[in-house]
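Asker: File follows, input.pdb with PDB, C-alpha atoms:
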```
ATOM      1  CA  PRO A  33     111.601 117.561  86.647  1.00  0.00           C
ATOM      2  CA  ASN A  34     112.103 118.002  82.914  1.00  0.00           C
ATOM      3  CA  GLY A  35     110.340 115.984  80.250  1.00  0.00           C
ATOM      4  CA  ILE A  36     106.877 115.736  81.827  1.00  0.00           C
ATOM      5  CA  GLY A  37     104.245 116.115  79.117  1.00  0.00           C
ATOM      6  CA  PHE A  38     100.824 117.671  79.667  1.00  0.00           C
ATOM      7  CA  ASP A  39      98.048 119.402  77.725  1.00  0.00           C
ATOM      8  CA  LEU A  40      97.396 123.138  77.764  1.00  0.00           C
ATOM      9  CA  TRP A  41      94.152 124.729  76.620  1.00  0.00           C
ATOM     10  CA  LEU A  42      94.670 128.062  74.816  1.00  0.00           C
ATOM     11  CA  SER A  43      92.230 130.794  73.885  1.00  0.00           C
ATOM     12  CA  ALA A  44      93.569 133.632  71.708  1.00  0.00           C
ATOM     13  CA  MET A  45      91.640 136.834  70.919  1.00  0.00           C
ATOM     14  CA  LEU A  46      92.328 139.653  68.435  1.00  0.00           C
ATOM     15  CA  ASP A  47      90.904 143.094  69.237  1.00  0.00           C
ATOM     16  CA  ASP A  48      88.413 143.949  71.940  1.00  0.00           C
ATOM     17  CA  ARG A  49      84.832 142.786  71.383  1.00  0.00           C
ATOM     18  CA  LYS A  50      83.444 146.287  71.954  1.00  0.00           C
ATOM     19  CA  PHE A  51      85.021 147.368  68.640  1.00  0.00           C
ATOM     20  CA  SER A  52      84.377 145.988  65.173  1.00  0.00           C
ATOM     21  CA  ALA A  53      86.893 143.358  64.094  1.00  0.00           C
ATOM     22  CA  ARG A  54      89.908 144.635  62.154  1.00  0.00           C
ATOM     23  CA  ALA A  55      91.855 141.350  62.201  1.00  0.00           C
ATOM     24  CA  LEU A  56      90.881 137.664  61.954  1.00  0.00           C
ATOM     25  CA  PHE A  57      92.786 134.412  62.372  1.00  0.00           C
ATOM     26  CA  ASP A  58      93.512 132.686  59.066  1.00  0.00           C
ATOM     27  CA  ASN A  59      92.394 129.214  60.140  1.00  0.00           C
ATOM     28  CA  SER A  60      88.991 130.139  61.538  1.00  0.00           C
ATOM     29  CA  SER A  61      88.199 133.549  59.954  1.00  0.00           C
ATOM     30  CA  HIS A  62      87.166 134.615  63.468  1.00  0.00           C
ATOM     31  CA  ARG A  63      88.800 136.980  65.952  1.00  0.00           C
ATOM     32  CA  GLN A  64      88.954 134.212  68.580  1.00  0.00           C
ATOM     33  CA  ILE A  65      90.591 130.800  68.333  1.00  0.00           C
ATOM     34  CA  GLN A  66      90.690 127.952  70.892  1.00  0.00           C
ATOM     35  CA  LEU A  67      92.976 124.954  70.706  1.00  0.00           C
ATOM     36  CA  PRO A  68      94.734 122.286  72.826  1.00  0.00           C
ATOM     37  CA  VAL A  69      98.537 122.263  72.838  1.00  0.00           C
ATOM     38  CA  ARG A  70     100.808 119.432  73.991  1.00  0.00           C
ATOM     39  CA  VAL A  71     103.824 120.762  75.923  1.00  0.00           C
ATOM     40  CA  GLN A  72     106.698 119.432  78.020  1.00  0.00           C
ATOM     41  CA  THR A  73     108.299 120.869  81.141  1.00  0.00           C
ATOM     42  CA  GLY A  74     111.720 122.387  80.533  1.00  0.00           C
ATOM     43  CA  LYS A  75     111.147 122.678  76.796  1.00  0.00           C
ATOM     44  CA  ALA A  76     110.170 125.855  74.948  1.00  0.00           C
ATOM     45  CA  LEU A  77     107.421 125.565  72.378  1.00  0.00           C
ATOM     46  CA  CYS A  78     106.794 128.046  69.560  1.00  0.00           C
ATOM     47  CA  TYR A  79     103.293 127.989  68.105  1.00  0.00           C
ATOM     48  CA  LYS A  80     102.255 130.196  65.185  1.00  0.00           C
ATOM     49  CA  LEU A  81      98.785 131.764  64.931  1.00  0.00           C
ATOM     50  CA  PRO A  82      98.694 133.503  61.532  1.00  0.00           C
ATOM     51  CA  PHE A  83      96.120 136.265  61.078  1.00  0.00           C
ATOM     52  CA  HIS A  84      95.207 138.903  58.509  1.00  0.00           C
ATOM     53  CA  VAL A  85      94.210 142.562  58.867  1.00  0.00           C
ATOM     54  CA  TYR A  86      91.392 144.238  56.981  1.00  0.00           C
ATOM     55  CA  ASP A  87      91.847 147.485  55.074  1.00  0.00           C
ATOM     56  CA  THR A  88      90.735 149.658  57.965  1.00  0.00           C
ATOM     57  CA  ALA A  89      90.385 153.377  58.582  1.00  0.00           C
ATOM     58  CA  ASP A  90      91.207 152.839  62.286  1.00  0.00           C
ATOM     59  CA  TYR A  91      95.004 152.690  62.040  1.00  0.00           C
ATOM     60  CA  ILE A  92      95.786 154.806  65.142  1.00  0.00           C
ATOM     61  CA  ARG A  93      94.633 152.269  67.751  1.00  0.00           C
ATOM     62  CA  PRO A  94      96.908 149.185  67.803  1.00  0.00           C
ATOM     63  CA  ILE A  95      95.368 145.726  67.473  1.00  0.00           C
ATOM     64  CA  SER A  96      95.150 144.056  70.874  1.00  0.00           C
ATOM     65  CA  PHE A  97      96.123 140.411  71.332  1.00  0.00           C
ATOM     66  CA  SER A  98      95.185 138.434  74.442  1.00  0.00           C
ATOM     67  CA  LEU A  99      96.064 134.839  75.279  1.00  0.00           C
ATOM     68  CA  GLN A 100      94.415 132.812  78.042  1.00  0.00           C
ATOM     69  CA  PHE A 101      95.675 129.365  79.032  1.00  0.00           C
ATOM     70  CA  LYS A 102      95.083 126.674  81.603  1.00  0.00           C
ATOM     71  CA  ILE A 103      96.182 123.084  82.239  1.00  0.00           C
ATOM     72  CA  ASN A 104      93.563 120.599  81.135  1.00  0.00           C
ATOM     73  CA  ASN A 105      94.093 117.888  83.759  1.00  0.00           C
ATOM     74  CA  THR A 106      95.495 119.040  87.098  1.00  0.00           C
ATOM     75  CA  ALA A 107      94.356 115.929  88.986  1.00  0.00           C
ATOM     76  CA  THR A 108      97.080 113.631  87.631  1.00  0.00           C
ATOM     77  CA  GLY A 109      99.546 116.110  86.107  1.00  0.00           C
ATOM     78  CA  PRO A 110     101.416 119.282  87.036  1.00  0.00           C
ATOM     79  CA  VAL A 111      99.791 122.517  88.166  1.00  0.00           C
ATOM     80  CA  LEU A 112     100.730 126.154  87.568  1.00  0.00           C
ATOM     81  CA  ASP A 113     102.575 128.084  90.234  1.00  0.00           C
ATOM     82  CA  GLU A 114     100.184 129.924  92.520  1.00  0.00           C
ATOM     83  CA  GLY A 115      99.862 133.531  91.415  1.00  0.00           C
ATOM     84  CA  TRP A 116     101.259 132.829  87.958  1.00  0.00           C
ATOM     85  CA  PRO A 117      99.266 134.891  85.400  1.00  0.00           C
ATOM     86  CA  MET A 118      96.909 132.924  83.171  1.00  0.00           C
ATOM     87  CA  THR A 119      96.418 135.760  80.687  1.00  0.00           C
ATOM     88  CA  VAL A 120      98.917 137.541  78.434  1.00  0.00           C
ATOM     89  CA  ASN A 121      97.957 140.879  76.810  1.00  0.00           C
ATOM     90  CA  LYS A 122      99.948 142.488  74.012  1.00  0.00           C
ATOM     91  CA  SER A 123      99.421 145.291  71.500  1.00  0.00           C
ATOM     92  CA  ILE A 124     100.308 145.070  67.814  1.00  0.00           C
ATOM     93  CA  PRO A 125     100.851 148.591  66.443  1.00  0.00           C
ATOM     94  CA  PHE A 126     100.435 149.496  62.796  1.00  0.00           C
ATOM     95  CA  PHE A 127     103.663 150.162  60.925  1.00  0.00           C
ATOM     96  CA  LYS A 128     103.946 153.919  60.372  1.00  0.00           C
ATOM     97  CA  ASP A 129     107.141 154.009  58.265  1.00  0.00           C
ATOM     98  CA  CYS A 130     108.221 157.251  59.943  1.00  0.00           C
ATOM     99  CA  GLY A 131     111.949 156.715  60.371  1.00  0.00           C
ATOM    100  CA  GLU A 132     113.928 155.806  63.455  1.00  0.00           C
ATOM    101  CA  ASP A 133     112.146 158.264  65.769  1.00  0.00           C
ATOM    102  CA  ASP A 134     108.718 156.791  64.790  1.00  0.00           C
ATOM    103  CA  VAL A 135     107.381 160.354  64.474  1.00  0.00           C
ATOM    104  CA  CYS A 136     105.977 161.266  61.069  1.00  0.00           C
ATOM    105  CA  THR A 137     107.210 164.714  60.045  1.00  0.00           C
ATOM    106  CA  THR A 138     105.527 165.778  56.849  1.00  0.00           C
ATOM    107  CA  ASP A 139     105.690 168.754  54.499  1.00  0.00           C
ATOM    108  CA  LEU A 140     102.438 169.343  52.639  1.00  0.00           C
ATOM    109  CA  VAL A 141     102.588 171.745  49.705  1.00  0.00           C
ATOM    110  CA  LEU A 142      99.316 173.067  48.297  1.00  0.00           C
ATOM    111  CA  GLN A 143      98.899 174.925  45.005  1.00  0.00           C
ATOM    112  CA  ALA A 144      95.632 176.076  43.440  1.00  0.00           C
ATOM    113  CA  SER A 145      94.456 178.355  40.657  1.00  0.00           C
ATOM    114  CA  MET A 146      91.100 179.508  39.300  1.00  0.00           C
ATOM    115  CA  GLU A 147      90.382 179.371  35.588  1.00  0.00           C
ATOM    116  CA  ILE A 148      88.930 182.901  35.658  1.00  0.00           C
ATOM    117  CA  SER A 149      90.654 186.168  36.391  1.00  0.00           C
ATOM    118  CA  GLY A 150      88.955 189.481  37.066  1.00  0.00           C
ATOM    119  CA  THR A 151      90.070 192.758  38.608  1.00  0.00           C
ATOM    120  CA  LYS A 152      88.059 195.556  40.153  1.00  0.00           C
ATOM    121  CA  GLN A 153      88.588 197.647  37.016  1.00  0.00           C
ATOM    122  CA  LYS A 154      87.947 194.747  34.643  1.00  0.00           C
ATOM    123  CA  PRO A 155      85.790 192.081  36.331  1.00  0.00           C
ATOM    124  CA  TYR A 156      85.131 188.670  34.828  1.00  0.00           C
ATOM    125  CA  LEU A 157      81.720 188.499  33.119  1.00  0.00           C
ATOM    126  CA  ILE A 158      79.522 185.563  34.162  1.00  0.00           C
ATOM    127  CA  GLN A 159      77.198 184.772  31.301  1.00  0.00           C
ATOM    128  CA  SER A 160      74.968 181.969  30.057  1.00  0.00           C
ATOM    129  CA  PRO A 161      75.323 179.161  29.289  1.00  0.00           C
ATOM    130  CA  ARG A 162      78.653 178.987  31.158  1.00  0.00           C
ATOM    131  CA  LYS A 163      77.968 179.570  34.838  1.00  0.00           C
ATOM    132  CA  ARG A 164      80.571 177.216  36.322  1.00  0.00           C
ATOM    133  CA  LEU A 165      83.959 177.785  37.915  1.00  0.00           C
ATOM    134  CA  ALA A 166      86.853 175.271  37.792  1.00  0.00           C
ATOM    135  CA  VAL A 167      89.740 175.310  40.286  1.00  0.00           C
ATOM    136  CA  GLU A 168      92.897 173.291  39.571  1.00  0.00           C
ATOM    137  CA  VAL A 169      94.531 171.909  42.748  1.00  0.00           C
ATOM    138  CA  GLN A 170      97.830 170.140  43.359  1.00  0.00           C
ATOM    139  CA  LEU A 171      98.808 168.646  46.723  1.00  0.00           C
ATOM    140  CA  GLN A 172     102.273 167.240  47.427  1.00  0.00           C
ATOM    141  CA  ASN A 173     103.875 165.506  50.399  1.00  0.00           C
ATOM    142  CA  ARG A 174     107.616 166.178  50.333  1.00  0.00           C
ATOM    143  CA  LEU A 175     108.616 164.426  53.561  1.00  0.00           C
ATOM    144  CA  GLU A 176     107.372 161.448  55.615  1.00  0.00           C
ATOM    145  CA  ASN A 177     103.918 159.864  55.519  1.00  0.00           C
ATOM    146  CA  ALA A 178     100.980 162.163  56.263  1.00  0.00           C
ATOM    147  CA  TYR A 179      98.165 160.407  58.118  1.00  0.00           C
ATOM    148  CA  ASN A 180      94.529 161.508  57.947  1.00  0.00           C
ATOM    149  CA  THR A 181      95.301 164.213  55.389  1.00  0.00           C
ATOM    150  CA  SER A 182      92.418 166.582  54.724  1.00  0.00           C
ATOM    151  CA  LEU A 183      91.688 169.579  52.550  1.00  0.00           C
ATOM    152  CA  LYS A 184      89.267 172.178  53.906  1.00  0.00           C
ATOM    153  CA  LEU A 185      87.378 174.354  51.422  1.00  0.00           C
ATOM    154  CA  HIS A 186      85.788 177.669  52.422  1.00  0.00           C
ATOM    155  CA  TYR A 187      84.114 179.668  49.661  1.00  0.00           C
ATOM    156  CA  SER A 188      81.916 182.756  49.230  1.00  0.00           C
ATOM    157  CA  ARG A 189      78.114 182.581  49.223  1.00  0.00           C
ATOM    158  CA  ASN A 190      77.884 183.148  45.484  1.00  0.00           C
ATOM    159  CA  LEU A 191      79.387 179.683  44.849  1.00  0.00           C
ATOM    160  CA  HIS A 192      77.933 176.170  45.175  1.00  0.00           C
ATOM    161  CA  PHE A 193      80.297 173.183  45.372  1.00  0.00           C
ATOM    162  CA  SER A 194      79.529 170.820  42.495  1.00  0.00           C
ATOM    163  CA  SER A 195      82.157 168.079  42.044  1.00  0.00           C
ATOM    164  CA  LEU A 196      85.756 166.891  42.430  1.00  0.00           C
ATOM    165  CA  SER A 197      87.597 164.930  39.733  1.00  0.00           C
ATOM    166  CA  ILE A 198      91.101 163.445  40.021  1.00  0.00           C
ATOM    167  CA  ARG A 199      93.574 164.016  37.190  1.00  0.00           C
ATOM    168  CA  GLU A 200      95.696 161.169  35.750  1.00  0.00           C
ATOM    169  CA  ASP A 201      96.464 158.946  38.765  1.00  0.00           C
ATOM    170  CA  TYR A 202      93.197 157.286  39.761  1.00  0.00           C
ATOM    171  CA  SER A 203      94.824 155.240  42.563  1.00  0.00           C
ATOM    172  CA  PHE A 204      94.217 158.205  44.893  1.00  0.00           C
ATOM    173  CA  LYS A 205      90.869 158.413  46.631  1.00  0.00           C
ATOM    174  CA  ILE A 206      89.368 161.735  47.707  1.00  0.00           C
ATOM    175  CA  GLU A 207      86.009 161.984  49.468  1.00  0.00           C
ATOM    176  CA  CYS A 208      84.319 165.261  50.400  1.00  0.00           C
ATOM    177  CA  THR A 209      81.630 166.004  52.973  1.00  0.00           C
ATOM    178  CA  ALA A 210      79.838 169.272  53.656  1.00  0.00           C
ATOM    179  CA  LEU A 211      80.753 171.120  56.846  1.00  0.00           C
ATOM    180  CA  GLY A 212      78.221 173.878  56.232  1.00  0.00           C
ATOM    181  CA  PRO A 213      76.502 175.790  53.417  1.00  0.00           C
ATOM    182  CA  ASN A 214      79.845 177.244  52.225  1.00  0.00           C
ATOM    183  CA  SER A 215      82.511 174.808  53.372  1.00  0.00           C
ATOM    184  CA  HIS A 216      83.610 171.234  52.652  1.00  0.00           C
ATOM    185  CA  SER A 217      86.198 168.855  54.079  1.00  0.00           C
ATOM    186  CA  CYS A 218      87.893 166.340  51.765  1.00  0.00           C
ATOM    187  CA  ASN A 219      89.897 163.285  52.903  1.00  0.00           C
ATOM    188  CA  VAL A 220      92.964 162.835  50.686  1.00  0.00           C
ATOM    189  CA  SER A 221      94.177 159.251  50.143  1.00  0.00           C
ATOM    190  CA  TYR A 222      92.781 158.189  53.546  1.00  0.00           C
ATOM    191  CA  PRO A 223      94.271 156.863  55.783  1.00  0.00           C
ATOM    192  CA  VAL A 224      97.790 157.716  54.554  1.00  0.00           C
ATOM    193  CA  PHE A 225      99.070 160.220  51.985  1.00  0.00           C
ATOM    194  CA  ARG A 226     102.454 158.653  51.402  1.00  0.00           C
ATOM    195  CA  SER A 227     105.872 160.272  51.316  1.00  0.00           C
ATOM    196  CA  GLN A 228     106.771 161.934  47.991  1.00  0.00           C
ATOM    197  CA  SER A 229     103.196 161.571  46.721  1.00  0.00           C
ATOM    198  CA  GLU A 230     101.479 164.101  44.494  1.00  0.00           C
ATOM    199  CA  VAL A 231      97.827 164.327  43.498  1.00  0.00           C
ATOM    200  CA  ASN A 232      96.235 166.680  40.971  1.00  0.00           C
ATOM    201  CA  PHE A 233      92.492 167.254  40.888  1.00  0.00           C
ATOM    202  CA  MET A 234      89.871 169.742  39.785  1.00  0.00           C
ATOM    203  CA  LEU A 235      87.173 171.329  41.917  1.00  0.00           C
ATOM    204  CA  GLU A 236      84.068 172.529  40.137  1.00  0.00           C
ATOM    205  CA  PHE A 237      81.636 175.134  41.457  1.00  0.00           C
ATOM    206  CA  GLU A 238      78.438 176.642  40.149  1.00  0.00           C
ATOM    207  CA  PHE A 239      77.733 180.362  40.369  1.00  0.00           C
ATOM    208  CA  SER A 240      74.722 181.143  42.517  1.00  0.00           C
ATOM    209  CA  CYS A 241      71.709 182.769  40.866  1.00  0.00           C
ATOM    210  CA  THR A 242      70.504 184.344  44.111  1.00  0.00           C
ATOM    211  CA  SER A 243      73.674 185.589  45.869  1.00  0.00           C
ATOM    212  CA  LEU A 244      75.099 188.158  43.463  1.00  0.00           C
ATOM    213  CA  HIS A 245      78.366 189.452  44.957  1.00  0.00           C
ATOM    214  CA  ASN A 246      80.972 191.448  43.067  1.00  0.00           C
ATOM    215  CA  ARG A 247      83.722 188.891  43.701  1.00  0.00           C
ATOM    216  CA  VAL A 248      84.222 185.174  44.300  1.00  0.00           C
ATOM    217  CA  GLN A 249      86.528 184.159  47.156  1.00  0.00           C
ATOM    218  CA  MET A 250      87.948 180.849  48.256  1.00  0.00           C
ATOM    219  CA  LYS A 251      90.353 179.529  50.883  1.00  0.00           C
ATOM    220  CA  LEU A 252      91.902 176.040  50.759  1.00  0.00           C
ATOM    221  CA  VAL A 253      93.794 174.579  53.748  1.00  0.00           C
ATOM    222  CA  ALA A 254      95.672 171.248  53.808  1.00  0.00           C
ATOM    223  CA  SER A 255      96.463 169.505  57.119  1.00  0.00           C
ATOM    224  CA  SER A 256      97.149 166.068  58.599  1.00  0.00           C
ATOM    225  CA  ASP A 257      97.611 164.241  61.902  1.00  0.00           C
ATOM    226  CA  SER A 258     101.364 164.026  61.241  1.00  0.00           C
ATOM    227  CA  MET A 259     103.705 166.684  62.577  1.00  0.00           C
ATOM    228  CA  GLU A 260     104.744 169.581  60.344  1.00  0.00           C
ATOM    229  CA  ARG A 261     107.330 172.173  61.243  1.00  0.00           C
ATOM    230  CA  ASP A 262     106.210 175.801  61.530  1.00  0.00           C
ATOM    231  CA  ALA A 263     108.720 176.780  58.858  1.00  0.00           C
ATOM    232  CA  THR A 264     106.879 174.747  56.197  1.00  0.00           C
ATOM    233  CA  LEU A 265     103.286 175.550  57.156  1.00  0.00           C
ATOM    234  CA  GLY A 266     103.139 178.666  54.962  1.00  0.00           C
ATOM    235  CA  ASP A 267     102.405 176.683  51.787  1.00  0.00           C
ATOM    236  CA  ASN A 268      99.587 174.644  53.372  1.00  0.00           C
ATOM    237  CA  SER A 269      96.927 177.202  52.454  1.00  0.00           C
ATOM    238  CA  VAL A 270      95.898 179.130  49.353  1.00  0.00           C
ATOM    239  CA  GLN A 271      93.505 182.070  49.012  1.00  0.00           C
ATOM    240  CA  LEU A 272      91.889 182.812  45.646  1.00  0.00           C
ATOM    241  CA  GLN A 273      89.631 185.598  44.491  1.00  0.00           C
ATOM    242  CA  SER A 274      88.305 187.211  41.333  1.00  0.00           C
ATOM    243  CA  PHE A 275      86.046 190.206  40.765  1.00  0.00           C
ATOM    244  CA  VAL A 276      82.951 189.322  38.741  1.00  0.00           C
ATOM    245  CA  GLN A 277      79.932 190.819  37.029  1.00  0.00           C
ATOM    246  CA  TYR A 278      76.726 189.068  36.053  1.00  0.00           C
ATOM    247  CA  GLN A 279      75.191 189.279  32.620  1.00  0.00           C
ATOM    248  CA  PRO A 280      71.414 189.505  33.115  1.00  0.00           C
ATOM    249  CA  ASP A 281      69.130 186.996  31.436  1.00  0.00           C
ATOM    250  CA  LEU A 282      66.350 189.089  29.870  1.00  0.00           C
ATOM    251  CA  TYR A 283      63.342 187.595  28.161  1.00  0.00           C
ATOM    252  CA  VAL A 284      61.025 190.086  26.415  1.00  0.00           C
ATOM    253  CA  SER A 285      57.627 189.145  25.026  1.00  0.00           C
TER     254      SER A 285
END
```
Re-express the file's structure as structure tokens.

Answerer:
Amino acid sequence: PNGIGFDLWLSAMLDDRKFSARALFDNSSHRQIQLPVRVQTGKALCYKLPFHVYDTADYIRPISFSLQFKINNTATGPVLDEGWPMTVNKSIPFFKDCGEDDVCTTDLVLQASMEISGTKQKPYLIQSPRKRLAVEVQLQNRLENAYNTSLKLHYSRNLHFSSLSIREDYSFKIECTALGPNSHSCNVSYPVFRSQSEVNFMLEFEFSCTSLHNRVQMKLVASSDSMERDATLGDNSVQLQSFVQYQPDLYVS
């Protein structure tokens, strides 16, 4: 019969406990909330549980939502149908903004140039006190959002990576970690390098005093977790080189 009122006990949970919390309910600031709800048979009830999401790096895995419920007093009131599920599990995916197909197709364009130029016939002279090398870099995204965008740096043994500084737009964040003695990986605007974005930055290297090679070489490669067509991959990497000579530091007494 319709119109019979009874109390339900609800327990809602955001995200699995084995992972760190990425979302919390607004009312409790916890990932779990428990509350009694008064319902009636034959009548739909909509109950809102507002929550907020932290600025998280884990955007690939959707936020899980589980709801458990039971009837408080089954001795005098109604009971659930036998076999009716008492738990509801749903997933809340992050919005990718990747068009109707929900597949992010990006087009990264990388440009880079060294401030020095030296040929085999006329090498660049490295002399004191200036023993640093600056590389200007520009990275663009001409299509849809690029997720987990990274820039890999591979450079010759006569260079030491020193610093990275962003030009003009300081809203972009770039963090670099060493992969080895002559390579670094830099996250660009993690987690998402947005569509039609452009970032300009400068890489600075120091010339090694122990590895004296006749040229400096560098390879930069941009990539992301988004899809990129083979036809546009050619401008994702840049190779730079310059022939050099070293001016000796002589001290005579």

Asker: Within 6 Å of (97.5, 175.4, 52.4) (coordinates as in the file), grab all the protein and nucleic acid residues, counting only C-alpha atoms, and write them out as a list in words.

Answerer: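 Protein, DNA and RNA residues close to (97.5, 175.4, 52.4): Leu142, Leu252, Val253, Ala254, Asp267, Asn268, Ser269 and Val270 of chain A.
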
Asker: Can you measure atom CA of A:Gln172 to atom CA of A:Arg189 for me? One decimal in Å is fine.

Answerer: 28.7 Å

Asker: Between A:Phe204, A:Leu40, A:Ser96, A:Gln249, single out the one closest to A:Leu77, counting all atoms listed in the file.

Answerer: A:Leu40

Asker: With 7 Å as the threshold, what does the neighbourhood of (91.8, 170.7, 52.5) contain in terms of residues, counting only C-alpha atoms? Coordinates are those of the file; answer as a ChimeraX atom specification.

Answerer: /A:182-185,217-218,252-255

Asker: I would like the residues chosen by the PyMOL selection byres ((chain A and resi 153) around 12) on the shown file; could you give them as a list in words?

Answerer: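 Applied to this file, the PyMOL selection byres ((chain A and resi 153) around 12) selects Ser149, Gly150, Thr151, Lys152, Lys154, Pro155, Tyr156, Asn246, Ser274, Phe275, Val276 and Gln277 of chain A.
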
Asker: Store the residues picked out above, limited to C-alpha atoms, as a PDB file, keeping the file's coordinate frame.

Answerer:
```
ATOM      1  CA  SER A 149      90.654 186.168  36.391  1.00  0.00           C
ATOM      2  CA  GLY A 150      88.955 189.481  37.066  1.00  0.00           C
ATOM      3  CA  THR A 151      90.070 192.758  38.608  1.00  0.00           C
ATOM      4  CA  LYS A 152      88.059 195.556  40.153  1.00  0.00           C
ATOM      5  CA  LYS A 154      87.947 194.747  34.643  1.00  0.00           C
ATOM      6  CA  PRO A 155      85.790 192.081  36.331  1.00  0.00           C
ATOM      7  CA  TYR A 156      85.131 188.670  34.828  1.00  0.00           C
ATOM      8  CA  ASN A 246      80.972 191.448  43.067  1.00  0.00           C
ATOM      9  CA  SER A 274      88.305 187.211  41.333  1.00  0.00           C
ATOM     10  CA  PHE A 275      86.046 190.206  40.765  1.00  0.00           C
ATOM     11  CA  VAL A 276      82.951 189.322  38.741  1.00  0.00           C
ATOM     12  CA  GLN A 277      79.932 190.819  37.029  1.00  0.00           C
TER      13      GLN A 277
END
```

Asker: Determine the residue membership of the PyMOL selection byres ((chain A and resi 197) around 8) for the file above and supply it as an NGL selection string.

Answerer: :A and (195-196 or 198-199 or 233-235)

Asker: Report the distance between atom CA of A:His192 and atom CA of A:Gln273 in Å, rounded to one decimal place.

Answerer: 15.0 Å

Asker: So, with only C-alpha atoms as the atoms that count, which of A:Ile148, A:Ser203, A:Gly37, A:Asn214 lies closest to A:Glu168?

Answerer: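 Closest to A:Glu168 of all the choices is A:Ile148.
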